[in-house]
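Step one of this worksheet: look at the structure below.
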Amino acid sequence: MRGLMMDYPLTLPPLLDRAEQLFGYREIVTRRPDRSVHRYQIADFVDRSRRLAVALQDLGVTRGDRIATLGWNHQQHLEAYFGIPAAGAVLHTLNLRLHPDDISYIANHAGDRIILVDDTLLPLLERFHSALSTEHIIVMSQGDKPELPRGMLDYEELLAAADPARYSPPLLQEQDAAAMCYTSGTTGMPKGVLYSHRSMVLHAMALAMADLFAIGESTSYLPVVPMFHVNSWGTPFSCVMMGAKQVLPGLNLDPASICELLAQENVTTTAGVPTIWLSILEHLDENPDKYDLSALELMLVGGAAAPPSMIEAFESRHGLNVVHAWGMTETSPLGSVSHVGPHHENASADERLALRAKQGRMAPLVEIRAMNDGEAVPWNGTSSGELEVRGPWVASEYFDSEQGAEFFTDDGWFRTGDIVTIDSDGYIEIRDRAKDVIKSGGEWISSIALENALMGHPSITEAAVIAIRHPKWIERPLAVIVTGDATPPTLAEIRTYLEPYFAAWWLPDAVEVVDQIPRTSTGKFKKRDLRKQFDGYQLPETD
Ligand code: AMP
């Protein structure tokens with residue numbers, strides 16, 4: 001027997017209507033490039049998003065067209081987040097930290113018809129503009145109107161000329177594409193992930209849940225996560241859905257600027273990658289009483305493993321609550337969040353920290369299994385396997401790509417490439433990327449576990465551990481570290497430091513000091529580059 005409930009399509013335009021009806025008063029704050037602060041209210045934001053939809057339709061945009069953005073986190077970018085899908089088109093956020101050749105490859109692969117670009121990024125666009133097959137370039141400026149190169153359109157002029165009363169939502173189905181992001185290409189060429197209206201609405205609802213990102217009307221939310229990285233983790237959609245205040249930091253991402261905004265705007269929730277929080281921790285350590293961060297309840301960290309020493313330091317030195325989350329471009333990105341549940345209320349401080357440093361438990365509707373040799377491993381916290389996921393906001397295939405079929409299993413799961421354990425309470429712990437794991441004598445060594453421990457050493461600011469070929473053991477770990485000390489710690493000192501935590505055969509065979517560890521555009525260690533840098537590296541003799 002079929003249920004008799006409405007077949008109501010889950011699409012993004014009704015979120016604008018709701019925001020206008022209920023939260024018109026709520027603020028959206030942007031720090032502009034010149035550091036001045038722009039404020040307006042959700043009512044203006046909805047009006048301008050609809051104007052953008054009308055302007056795009058007037059330019060001939062139709063359902064399913066890909067419209068790209070190349071921009072920092074700011075008010076106009078937020079309007080594009082809603083205005084583009086509201087026109088029936090597909091929001092395609094380009095990653096401005098990629099090499100220009102990669103950006104043009106991605107824009108052409110996606111078939112972007114129009115690009116919305118920040119005026120401050122015109123020099124970047126200039127570097128690959130000629131390789132593009134887009135029809136229009138629309139420039140978003142946050143100050144005086146710039147002199148535009150010939151043929152480019154001014155965002156503000158387009159909006160001024162568009163009549164929001166002419167906006168009528170396109171007839172959308174919930175499975176229609178609403179947005180797309182490309183993976184960072186750590187496993188081959190970047191691949192397009194195409195989110196549907198339905199997946200985005202469900203994902204936005206999930207983020208809002210109390211045990212996930214807890215986004216509500218009283219939230220004041222500052223995303224340090226760029227709007228070009230997995231839709232800023234989907235949080236802008238959740239904030240508009242729930243009526244949260246948004247504080248968009250623009251291009252000033254130095255720790256002092258972020259801390260200032262956190263304090264001035266009474267931010268309650270913020271999100272970023274570990275690199276950002278490490279630099280903010282250092283800044284707060286140097287300026288312990290400078291900022292009033294008493295409103296800040298939740299600092300979400302994800303995108304790469306958060307060192308437990310960092311989680312602990314924020315809490316013990318600054319009373320700040322860092323919560324670890326895991327996700328991927330292919331999972332919209334919300335996968336898991338590591339809150340400590342009531343069943344661990346009697347856990348010791350060390351046990352709680354160990355749980356918080358794990359990647360956490362899956363969001364509702366996301367299912368997981370860890371596979372090893374075709375079998376799901378038991379949830380015992382020690383057996384490891386490749387994490388596979390499925391759920392309503394997980395990709396079912398890549399966009400128009402011959403590549404990547406191997407990531408989707410015949411029985412409908414997505415293979416993440418992350419090697420994990422899952423404990424009996426369902427907490428996932430990422431041990432490694434499948435390709436980064438170090439196989440020593442047939443056994444796995446977790447590079448992430450070693451890195452996390454190394455980053456707790458007082459002289460080490462950053463550490464990456466990679467595999468080096470070894471005649472007997474096949475691979476052995478090399479620790480590559482960054483230190484602020486004039487005399488770096490020796491290999492023997494480092495091994496002694498790590499000894500209490502690891503089996504002897506896990507300890508690095510060598511240590512190299514570098515000025516910095518190469519990172520991807522989204523803040524992850526670029527182990528591929530490090531491996532290249534240390535290709536042919538000779539390990540000292542060991543048995
Ligand atoms: P991306 O699609 O660029 O967001 O990259 C996704 C990958 O980032 C995942 O497959 C993980 O390898 C890594 N990642 C994301 N969040 C975490 C986390 N909390 N801890 C460790 N690795 C993470």
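Just remember, in the structure tokens the first chain shown is A, the second B, etc., residues are 1-based per chain, and ligands are 1-based in the order shown.
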
Open item on the list: With only C-alpha atoms as the counted atoms, please give the residues lying no more than 8 Å from stretch 36-43 of chain A, apart from itself and same-chain residues fewer than 6 positions off, as a PyMOL selection string.
Closed with: chain A and resi 19-20+23-30

What would the file look like if the residues just selected were written as a short mmCIF file (atom, residue, chain, number, x, y, z; two decimals), in the first residue's frame with N, CA, C and O atoms?
data_model
loop_
_atom_site.label_atom_id
_atom_site.label_comp_id
_atom_site.auth_asym_id
_atom_site.auth_seq_id
_atom_site.Cartn_x
_atom_site.Cartn_y
_atom_site.Cartn_z
N ALA A 19 13.11 32.15 3.88
CA ALA A 19 14.02 33.11 4.51
C ALA A 19 13.40 34.51 4.47
O ALA A 19 13.48 35.27 5.44
N GLU A 20 12.76 34.82 3.35
CA GLU A 20 12.14 36.15 3.22
C GLU A 20 10.97 36.30 4.19
O GLU A 20 10.81 37.32 4.86
N PHE A 23 12.87 35.38 8.15
CA PHE A 23 14.14 35.87 8.69
C PHE A 23 14.64 37.12 7.98
O PHE A 23 15.84 37.40 7.97
N GLY A 24 13.74 37.88 7.39
CA GLY A 24 14.14 39.06 6.62
C GLY A 24 15.05 39.99 7.39
O GLY A 24 15.89 40.69 6.81
N TYR A 25 14.95 40.00 8.71
CA TYR A 25 15.72 40.92 9.55
C TYR A 25 17.17 40.46 9.77
O TYR A 25 18.01 41.24 10.22
N ARG A 26 17.45 39.19 9.49
CA ARG A 26 18.73 38.61 9.91
C ARG A 26 19.87 39.16 9.05
O ARG A 26 19.71 39.35 7.85
N GLU A 27 21.03 39.33 9.66
CA GLU A 27 22.13 40.01 8.97
C GLU A 27 23.06 39.07 8.19
O GLU A 27 23.29 37.94 8.61
N ILE A 28 23.58 39.61 7.11
CA ILE A 28 24.68 38.95 6.40
C ILE A 28 25.81 39.98 6.35
O ILE A 28 25.60 41.11 5.87
N VAL A 29 26.94 39.61 6.89
CA VAL A 29 28.05 40.56 7.06
C VAL A 29 29.21 40.09 6.18
O VAL A 29 29.52 38.91 6.16
N THR A 30 29.80 41.03 5.46
CA THR A 30 30.96 40.67 4.63
C THR A 30 32.12 41.60 4.96
O THR A 30 31.92 42.82 5.04
#

Using only C-alpha atoms and all ligand atoms, which residues of chain A come within 7 Å of ligand 1, and what is the closest atom pair for each, with the distance in Å to one decimal? Give it as a Markdown table, sorted by chain and residue number.
| residue | atom | partner | partner_atom_place_in_ligand_line | distance |
| --- | --- | --- | --- | --- |
| A:Thr183 | CA | ligand 1 | 2 (O) | 5.4 |
| A:Ser184 | CA | ligand 1 | 3 (O) | 5.3 |
| A:Val230 | CA | ligand 1 | 4 (O) | 6.7 |
| A:Val301 | CA | ligand 1 | 19 (N) | 6.8 |
| A:Gly302 | CA | ligand 1 | 19 (N) | 4.0 |
| A:Gly303 | CA | ligand 1 | 16 (N) | 3.4 |
| A:Ala304 | CA | ligand 1 | 23 (C) | 3.7 |
| A:Ala305 | CA | ligand 1 | 20 (N) | 3.3 |
| A:Ala306 | CA | ligand 1 | 20 (N) | 6.3 |
| A:His324 | CA | ligand 1 | 19 (N) | 5.8 |
| A:Ala325 | CA | ligand 1 | 19 (N) | 4.8 |
| A:Trp326 | CA | ligand 1 | 16 (N) | 3.8 |
| A:Gly327 | CA | ligand 1 | 15 (C) | 4.9 |
| A:Met328 | CA | ligand 1 | 2 (O) | 3.7 |
| A:Thr329 | CA | ligand 1 | 2 (O) | 3.7 |
| A:Glu330 | CA | ligand 1 | 2 (O) | 6.3 |
| A:Pro333 | CA | ligand 1 | 4 (O) | 6.8 |
| A:Gln359 | CA | ligand 1 | 19 (N) | 5.2 |
| A:Thr416 | CA | ligand 1 | 10 (O) | 5.6 |
| A:Gly417 | CA | ligand 1 | 10 (O) | 6.3 |
| A:Asp418 | CA | ligand 1 | 12 (O) | 5.4 |
| A:Ile430 | CA | ligand 1 | 21 (C) | 5.8 |
| A:Arg433 | CA | ligand 1 | 12 (O) | 5.4 |
| A:Thr522 | CA | ligand 1 | 3 (O) | 6.4 |

- [ ] Go through A:Phe314, A:Tyr291, A:Tyr105, A:Trp393 and flag the residue nearest A:Ser279, using only C-alpha atoms for the distances.
- [x]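 Result for the nearest residue to A:Ser279: A:Phe314.
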
- [ ] Write out as a PyMOL selection string which residues come within 10 Å of A:Ala313 when counting only C-alpha atoms, dropping same-chain ones fewer than 4 positions away.
- [x] chain A and resi 278+281+285+308-309+317-322+456

Open item on the list: Report as a ChimeraX atom specification all protein, DNA and RNA residues lying within 6 Å of stretch 77-86 of chain A, evaluated on only C-alpha atoms, omitting residues in the same chain fewer than 5 positions from it.
Closed with: /A:13,49-50,52-53,91,178

TODO: Using DSSP on the backbone coordinates, identify the residues of stretch 259-488 of chain A assigned to strand (DSSP E or B); present them as a VMD selection string.
DONE: chain A and resid 269 to 272 298 to 301 322 to 327 334 to 337 360 to 362 367 to 372 375 to 376 384 to 390 408 414 to 422 428 to 433 438 to 440 443 to 445 460 to 470 474 to 483

TODO: Tell me which protein, DNA and RNA residues are within 7 Å of A:Val267, counting only C-alpha atoms, leaving out same-chain ones fewer than 2 positions away, and put them as a list in words.
DONE: Ser220, Tyr221, Leu222, Leu262, Ala263, Glu265, Thr269, Ala295 and Leu296 of chain A

Task: Pick from A:Met310, A:Ile474, A:Ile368, A:Ala405 nearest to A:Asn452, counting only C-alpha atoms - done: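 Nearest to A:Asn452: A:Met310.
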
Task: Minimum-distance residue to A:Gly404, chosen among A:Val193, A:Val323, A:Ala363, A:Ile311 (using only C-alpha atoms) - done: A:Val193

Open item on the list: Restricting the calculation to only C-alpha atoms: of A:Ala467, A:Leu121, A:Ile106, A:Leu353, which residue gets closest to A:Ser133?
Closed with: A:Ile106

Task: Selection: 10 Å around A:Glu156, only C-alpha atoms, excl. self and same-chain fewer than 5 positions, as a list of chain:residue names - done: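 Here the qualifying residues turn out to be A:Arg48, A:Leu52, A:Gln76, A:Ile138, A:Val139, A:Met140, A:Ser141, A:Gln142, A:Lys145, A:Ala161, A:Ala162.
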
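Counting only C-alpha atoms and comparing A:Cys239, A:Val224, A:Leu284, A:Leu148, the residue that lies closest to A:Thr270 is A:Val224.
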
Task: Expected answer as a VMD selection string: helix (DSSP H, G or I) residues in stretch 151-384 of chain A - done: chain A and resid 155 to 161 164 to 166 197 to 208 230 to 233 235 to 242 255 to 264 274 to 286 308 to 318 329 to 331 342 to 344 349 to 357

TODO: Find the residues near A:Arg352: any atom within 12 Å, counting only C-alpha atoms, skip ones fewer than 3 places away on the same chain, and give them as a ChimeraX atom specification.
DONE: /A:308,311-312,323,338-349,355-358,360

Task: Pick from A:Ser294, A:Pro33, A:Arg519, A:Lys191 nearest to A:Asn252, counting only C-alpha atoms - done: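 The shortest atom-to-atom distance to A:Asn252 comes from A:Pro33.
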
Per residue of stretch 142-239 of chain A within 12 Å of stretch 98-104 of chain A, what are the shortest atom pair and its distance in Å to one decimal, counting only C-alpha atoms, with rows by chain and residue number, as JSON lines?
{"residue": "A:Cys181", "atom": "CA", "partner": "A:Ile103", "partner_atom": "CA", "distance": 11.7}
{"residue": "A:Tyr182", "atom": "CA", "partner": "A:Ile103", "partner_atom": "CA", "distance": 10.0}
{"residue": "A:Thr183", "atom": "CA", "partner": "A:Leu98", "partner_atom": "CA", "distance": 11.3}
{"residue": "A:Ser184", "atom": "CA", "partner": "A:Leu98", "partner_atom": "CA", "distance": 8.6}
{"residue": "A:Gly185", "atom": "CA", "partner": "A:Asp102", "partner_atom": "CA", "distance": 9.6}
{"residue": "A:Met189", "atom": "CA", "partner": "A:Asp102", "partner_atom": "CA", "distance": 9.0}
{"residue": "A:Pro190", "atom": "CA", "partner": "A:Asp102", "partner_atom": "CA", "distance": 8.4}
{"residue": "A:Lys191", "atom": "CA", "partner": "A:Asp102", "partner_atom": "CA", "distance": 11.4}
{"residue": "A:Phe228", "atom": "CA", "partner": "A:Leu98", "partner_atom": "CA", "distance": 10.7}
{"residue": "A:His229", "atom": "CA", "partner": "A:Leu98", "partner_atom": "CA", "distance": 11.4}

Per-residue nearest contacts stretch 220-290 of chain A to stretch 55-74 of chain A, cut-off 9 Å, using only C-alpha atoms, as a tab-separated table:
residue	atom	partner	partner_atom	distance
A:Pro223	CA	A:Asn73	CA	8.0
A:Val224	CA	A:Asn73	CA	8.2
A:Val225	CA	A:Asn73	CA	8.5
A:Pro226	CA	A:Asn73	CA	6.1
A:Met227	CA	A:Asn73	CA	5.6
A:Phe228	CA	A:Gly71	CA	7.4
A:Ser232	CA	A:Asn73	CA	8.7
A:Val247	CA	A:His74	CA	8.4
A:Leu248	CA	A:His74	CA	5.2
A:Pro249	CA	A:Asn73	CA	6.1
A:Gly250	CA	A:Asn73	CA	4.8
A:Leu251	CA	A:Trp72	CA	5.9
